[in-house]
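Here's the structure we're looking at; comments come further down.
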Amino acid sequence: MKGVEGDRRVRGVSGALVWSVGRTVPWRALGAGAVVGLLLVWLPRLGDGPPDPWLALNLLRGAALAFALGLAFLLDDPARHLTVPVTTRRWVRTGLRVAWVAPVAVLWWTAVLALIPEQARPPVGAVTLEAGATAALALAAAATAVRLADEPEPGPSVAASVLTTAILAGLLLPHRWSLFVSPDDPRWEAAHERWAVVLAAAVLVWGVCGPEPLRRGHLLRRHPRGAVPGSP
Amino acid sequence: MNTVMEATAPPVVHSEPRRPWAAVFALARFEARDLLRYIPVLVALVVYIGYILWGLLSEREGMDAFPALQDVDRGTQSAPFLLGIALLVCVNRAALRSRRRGTDRHFDVLVMEPWRRTVAHVLSVVPFAVLTALVVLGEFTWEALKPGAVGHGSVAELAVGPLYVMLCGALGVLFARLVPTVFAAPLLVLGLFTLSVFVSAGTSDAEWSRWLSPVVGENSTETLPSDLIGRPAAWHALYLVGLVLLAATVAVLAGGGRTWHVKAGVAGALALTLTGAVAQSGGVSPELTAARERATATPEKEQSCIRHGASTYCAFPEWTGRTGTWAGVVDRVQALAAGSAAKEQLLVRQRFDATYGLTGDTTIAPLTAPHQVTVGTRWGGNRVPEFAAAVASVLVAGDEAKGGELCDGRMVTVMWLALGGAADPIGDLKNVRLDDSLSGSAIVLAPTNPLSMSAGQTSVTVELLKRPRAEVTAAVKEHWGELTAPGVSTAQVARVLGAEAPKGADECEA
């Protein structure tokens with residue numbers, strides 16, 4: 001609390017802030033995403049027979065999507081209308097949330113990769129790039145929702161949009177721009193350059209939508225005039 | 001005072017009878033309109049309708065002009081996939097809105113019972129199912145009105161799309177009542193999807209597990225007569241209706257509707273679902289197997305024959321309207337021939353291998369009887385030059401089996417006959433060759449066994465097809481005997497027709 005109140009100058013990060021942000025992270029949604037992801041990659045162990053590399057790759061993608069659906073709820077803040085005027089900048093608070101989740105995500109991804117039998121495991125670096133881009137996309141979507149709307153908990157909309165986008169990308173992307181290819185496909189390298197572009201674009205959007213805007217945009221605003229947080 | 005109130009109050013109550021269902025329908029209307037405000041639903045609707053319109057208005061393949069309605073009905077099932085998922089997630093959110101906004105407790109003071117709100121949420125999907133049904137009907141009607149359409153559609157197959165949308169909505173409400181957290185629905189979608197893949201893979205695509213998923217596709221691109229397809233479409237539609245009702249009634253039950261009506265509804269829906277699930281997993285009946293074998297081995301017993309010009313055309317009942325189109329191609333090929341081939345009485349017979357139904361693509365053996373040609377069940381696009389090549393090979397070699405073994409200079413004559421009269425001979429030659437090339441040796445597709453062209457034969461054929469049609473036609477007719485003599489070399493054919501003679505010898509001479 002010391003870092004937040006008191007002097008006018010914005011203090012950096014204090015231990016109390018780290019701890020209180022940690023408590024506001026939506027751990028249940030993240031946990032649900034992580035558990036579903038683990039279940040997905042664990043499923044083939046029920047059946048006998050050699051694991052299929054193409055199936056394993058798609059299960060890893062499914063698991064990454066499950067975790068991303070959990071991440072879509074990361075920026076949900078029921079007390080958002082109260083935390084807008086605090087002196088700690090928004091990008092510091094959202095950055096702290098990501099910092100809380102990052103080690104969990106790394107641990108979880110390692111566990112997911114370990115669950116896939118070695119002979120069926122696709123190239124780890126490339127798949128990690130795909131998972132990273134998927135997660136970054138969910139975070140960017142959440143940041144965009146927070147930036148453009150006054151909704152304190154945009155998580156469900158963001159998750160629905162991420163799921164819809166994932167299905168649309170699988171269905172509608174033309175053959176030469178496909179993101180979902182198999183390792184023995186000649187387009188594998190090119191597809192991962194596209195994944196890298198997706199990751200970079202998502203990080204860029206996250207950065208742009210990070211700071212609290214000085215003036216609220218009127219786009220996607222649900223509340224009528226007068227109900228804007230801060231006004232009586 | 002007190003007595004006055006008691007005396008006047010009852011008439012007010014009695015004069016307006018409670019109409020709880022009117023409120024339910026009003027709420028359902030409101031929720032349906034509200035669903036349109038969710039971005040995923042809107043995007044899914046636009047994508048769905050746009051995709052269907054694009055598919056209908058752009059004819060990507062020549063085969064699109066000759067649809068078989070027993071395939072078209074099945075083709076309408078997979079397109080609403082995204083719309084269903086979007087509705088599932090968004091109906092789920094709508095059903096949890098009051099919980100998220102903390103207004104659940106306000107509803108307790110309203111006259112409407114909470115379980116009626118659940119019913120209204122389920123009913124809010126109905127307009128979207130109706131819209132899907134309209135799109136499906138429009139798509140089917142469009143295809144059915146094409147002059148080249150054959151066959152019969154099935155109402156049960158057409159119902160799958162709208163029922164799938166309805167099922168997704170009902171599942172969304174059910175999830176909302178069973179797991180009242182907003183982050184559950186997207187994850188459940190992912191889990192259900194993966195699980196369905198595993199159940200069908202884990203039971204190696206057994207008939208019962210294959211039909212458990214709402215939309216069941218087929219591996220084969222073959223077209224069969226509608227009575228040989230053998231899909232339990234009606235039982236599957238019943239199964240889907242049962243699933244929709246089951247999800248809806250269980251959601252109402254979980255939403256607090258504990259009346260005996262609801263419990264009876266759950267039991268009835270469960271019975272419907274089980275009946276459908278058991279009946280649809282019966283597999284192929286012995287009668288159907290026998291009918292398939294009959295149609296494969298002795299098609300002449302099932303077909304009716306029609307005479308057009310000199311030749312006879314035997315087709316299964318659903319295809320008799322197409323015999324005139326086949327006759328057009330036969331006449332075109334024969335017009336380029338001379339001698340006895342120009343007046344030959346051919347027997348064109350429709351054949352296919354239906355033994356395994358739609359589980360995989362099959363090939364059929366060529367006919368060995370003289371002057372008989374096979375035609376398949378599909379038409380338009382590449383199927384036309386393929387049939388023309390088969391007709392030409394029978395005219396030159398005598399029968400289909402011998403036509404498939406041609407390797408000498410007569411192959412040039414065959415390809416000229418097949419393509420010389422076509423509107424776009426060079427394009428057709430490209431399409432009918434397996435590797436879409438215009439040089440080198442290649443396989444030429446035909447309804448039965450393929451033909452093969454050497455590099456020399458290809459170059460001579462391309463040169464002939466590029467020259468003025470009348471000039472080549474006259475030359476071919478003049479030297480007909482020489483061009484169709486067994487063992488004539490490609491170089492000889494080229495010399496006779498004034499084309500550049502290829503270098504190497506024919507493969508069968510070597």
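Following the order of the structure tokens, first chain is A, next is B, and so on, with residues numbered from 1 inside each chain and ligands from 1 in the order they appear.
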
Chain A contacts to chain B at 7 Å (only C-alpha atoms) as a PyMOL selection string: chain A and resi 29+33+36+47+66+156+159-161+163-164

In chain A, DSSP alpha helix (DSSP H) residues written as a ChimeraX atom specification: /A:15-24,27-42,53-71,80-83,90-115,124-148,155-172,188-209

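Each of B:Leu438, B:Glu478, B:Val197, B:Val109 was checked against Leu40 (chain A) using only C-alpha atoms; the smallest atom-to-atom distance is that of B:Val197.
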
For Leu228 (chain B): contacts at 12 Å, only C-alpha atoms, fewer than 2 positions along chain excluded, given as number ranges by chain: B: 70, 151-152, 222-226, 230-232, 284-285, 287-296, 316, 318, 352-358

Saved selection, atoms kept: N, CA, C and O atoms, as a compact mmCIF listing (two decimals), in the first residue's frame:
# COMPACT_ATOMS: atom_id res chain seq x y z
N GLN B 70 -29.26 -36.32 -53.85
CA GLN B 70 -28.99 -37.14 -52.67
C GLN B 70 -27.63 -36.82 -52.06
O GLN B 70 -27.34 -37.26 -50.95
N GLY B 151 -31.84 -37.09 -59.14
CA GLY B 151 -31.93 -37.74 -57.85
C GLY B 151 -32.98 -37.14 -56.93
O GLY B 151 -33.77 -36.28 -57.32
N HIS B 152 -32.96 -37.62 -55.69
CA HIS B 152 -33.95 -37.20 -54.69
C HIS B 152 -33.23 -36.78 -53.42
O HIS B 152 -32.33 -37.46 -52.97
N GLU B 222 -18.13 -40.56 -54.35
CA GLU B 222 -18.97 -41.26 -55.32
C GLU B 222 -20.43 -40.85 -55.14
O GLU B 222 -20.85 -40.47 -54.05
N THR B 223 -21.20 -40.89 -56.22
CA THR B 223 -22.64 -40.65 -56.12
C THR B 223 -23.35 -41.97 -56.37
O THR B 223 -23.04 -42.65 -57.34
N LEU B 224 -24.26 -42.32 -55.48
CA LEU B 224 -25.02 -43.56 -55.63
C LEU B 224 -26.49 -43.22 -55.77
O LEU B 224 -26.93 -42.16 -55.34
N PRO B 225 -27.30 -44.14 -56.34
CA PRO B 225 -28.75 -43.92 -56.33
C PRO B 225 -29.23 -43.76 -54.89
O PRO B 225 -28.67 -44.36 -53.98
N SER B 226 -30.28 -42.95 -54.69
CA SER B 226 -30.65 -42.59 -53.32
C SER B 226 -31.07 -43.81 -52.50
O SER B 226 -30.90 -43.81 -51.28
N GLY B 230 -28.06 -45.83 -48.03
CA GLY B 230 -28.12 -46.57 -46.76
C GLY B 230 -27.70 -45.78 -45.55
O GLY B 230 -27.14 -46.33 -44.61
N ARG B 231 -27.93 -44.47 -45.54
CA ARG B 231 -27.69 -43.70 -44.32
C ARG B 231 -28.97 -43.68 -43.50
O ARG B 231 -30.03 -43.37 -44.03
N PRO B 232 -28.89 -43.99 -42.19
CA PRO B 232 -30.10 -43.96 -41.36
C PRO B 232 -30.50 -42.53 -41.04
O PRO B 232 -30.55 -42.13 -39.87
N VAL B 284 -25.64 -51.78 -42.12
CA VAL B 284 -26.24 -52.04 -43.43
C VAL B 284 -27.10 -53.30 -43.34
O VAL B 284 -26.64 -54.35 -42.91
N SER B 285 -28.35 -53.18 -43.77
CA SER B 285 -29.26 -54.33 -43.69
C SER B 285 -28.94 -55.32 -44.81
O SER B 285 -28.38 -54.94 -45.84
N GLU B 287 -30.94 -56.69 -46.89
CA GLU B 287 -31.65 -56.33 -48.13
C GLU B 287 -30.87 -55.29 -48.91
O GLU B 287 -30.74 -55.37 -50.14
N LEU B 288 -30.32 -54.31 -48.16
CA LEU B 288 -29.58 -53.25 -48.84
C LEU B 288 -28.31 -53.82 -49.47
O LEU B 288 -27.96 -53.48 -50.60
N THR B 289 -27.62 -54.72 -48.73
CA THR B 289 -26.42 -55.34 -49.29
C THR B 289 -26.76 -56.08 -50.58
O THR B 289 -26.04 -55.97 -51.58
N ALA B 290 -27.88 -56.80 -50.54
CA ALA B 290 -28.29 -57.53 -51.74
C ALA B 290 -28.59 -56.57 -52.88
O ALA B 290 -28.17 -56.81 -54.03
N ALA B 291 -29.29 -55.47 -52.57
CA ALA B 291 -29.63 -54.50 -53.61
C ALA B 291 -28.38 -53.87 -54.20
O ALA B 291 -28.27 -53.66 -55.41
N ARG B 292 -27.40 -53.59 -53.32
CA ARG B 292 -26.14 -53.00 -53.80
C ARG B 292 -25.41 -53.98 -54.71
O ARG B 292 -24.87 -53.60 -55.75
N GLU B 293 -25.39 -55.26 -54.31
CA GLU B 293 -24.69 -56.24 -55.13
C GLU B 293 -25.38 -56.41 -56.48
O GLU B 293 -24.72 -56.55 -57.51
N ARG B 294 -26.72 -56.38 -56.44
CA ARG B 294 -27.47 -56.49 -57.68
C ARG B 294 -27.13 -55.33 -58.62
O ARG B 294 -26.85 -55.53 -59.80
N ALA B 295 -27.14 -54.12 -58.05
CA ALA B 295 -26.89 -52.94 -58.89
C ALA B 295 -25.47 -52.94 -59.43
O ALA B 295 -25.21 -52.44 -60.52
N THR B 296 -24.52 -53.54 -58.67
CA THR B 296 -23.13 -53.55 -59.11
C THR B 296 -22.90 -54.64 -60.17
O THR B 296 -22.28 -54.39 -61.20
N PHE B 316 -29.87 -45.94 -64.57
CA PHE B 316 -30.72 -46.17 -63.40
C PHE B 316 -31.85 -45.13 -63.42
O PHE B 316 -31.67 -44.04 -63.96
N GLU B 318 -33.08 -42.83 -61.69
CA GLU B 318 -32.89 -41.41 -61.36
C GLU B 318 -32.10 -40.66 -62.42
O GLU B 318 -32.05 -39.44 -62.41
N PHE B 352 -21.47 -48.65 -61.66
CA PHE B 352 -20.69 -48.19 -60.50
C PHE B 352 -20.51 -49.36 -59.56
O PHE B 352 -21.17 -50.40 -59.73
N ASP B 353 -19.62 -49.21 -58.60
CA ASP B 353 -19.43 -50.25 -57.59
C ASP B 353 -20.05 -49.76 -56.29
O ASP B 353 -19.49 -48.90 -55.62
N ALA B 354 -21.21 -50.30 -55.94
CA ALA B 354 -21.91 -49.86 -54.73
C ALA B 354 -21.71 -50.84 -53.59
O ALA B 354 -22.32 -50.68 -52.54
N THR B 355 -20.83 -51.84 -53.77
CA THR B 355 -20.73 -52.91 -52.77
C THR B 355 -20.49 -52.36 -51.36
O THR B 355 -21.08 -52.83 -50.39
N TYR B 356 -19.62 -51.37 -51.25
CA TYR B 356 -19.27 -50.86 -49.92
C TYR B 356 -19.96 -49.54 -49.61
O TYR B 356 -19.54 -48.84 -48.70
N GLY B 357 -20.99 -49.21 -50.35
CA GLY B 357 -21.71 -47.98 -50.07
C GLY B 357 -20.81 -46.78 -50.25
O GLY B 357 -20.07 -46.68 -51.24
N LEU B 358 -20.85 -45.85 -49.28
CA LEU B 358 -20.08 -44.62 -49.40
C LEU B 358 -18.84 -44.64 -48.52
O LEU B 358 -18.30 -43.61 -48.18

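Nearest to Pro44 (chain A) of all the residues B:Ala327, B:Met415, B:Ala475, B:Val199 is B:Val199, based on only C-alpha atoms.
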
Selection: 10 Å around Ile116 (chain A), only C-alpha atoms, excl. self and same-chain fewer than 2 positions, as a ChimeraX atom specification: /A:41-42,44-45,51,53,56-57,59-60,111-114,118-122
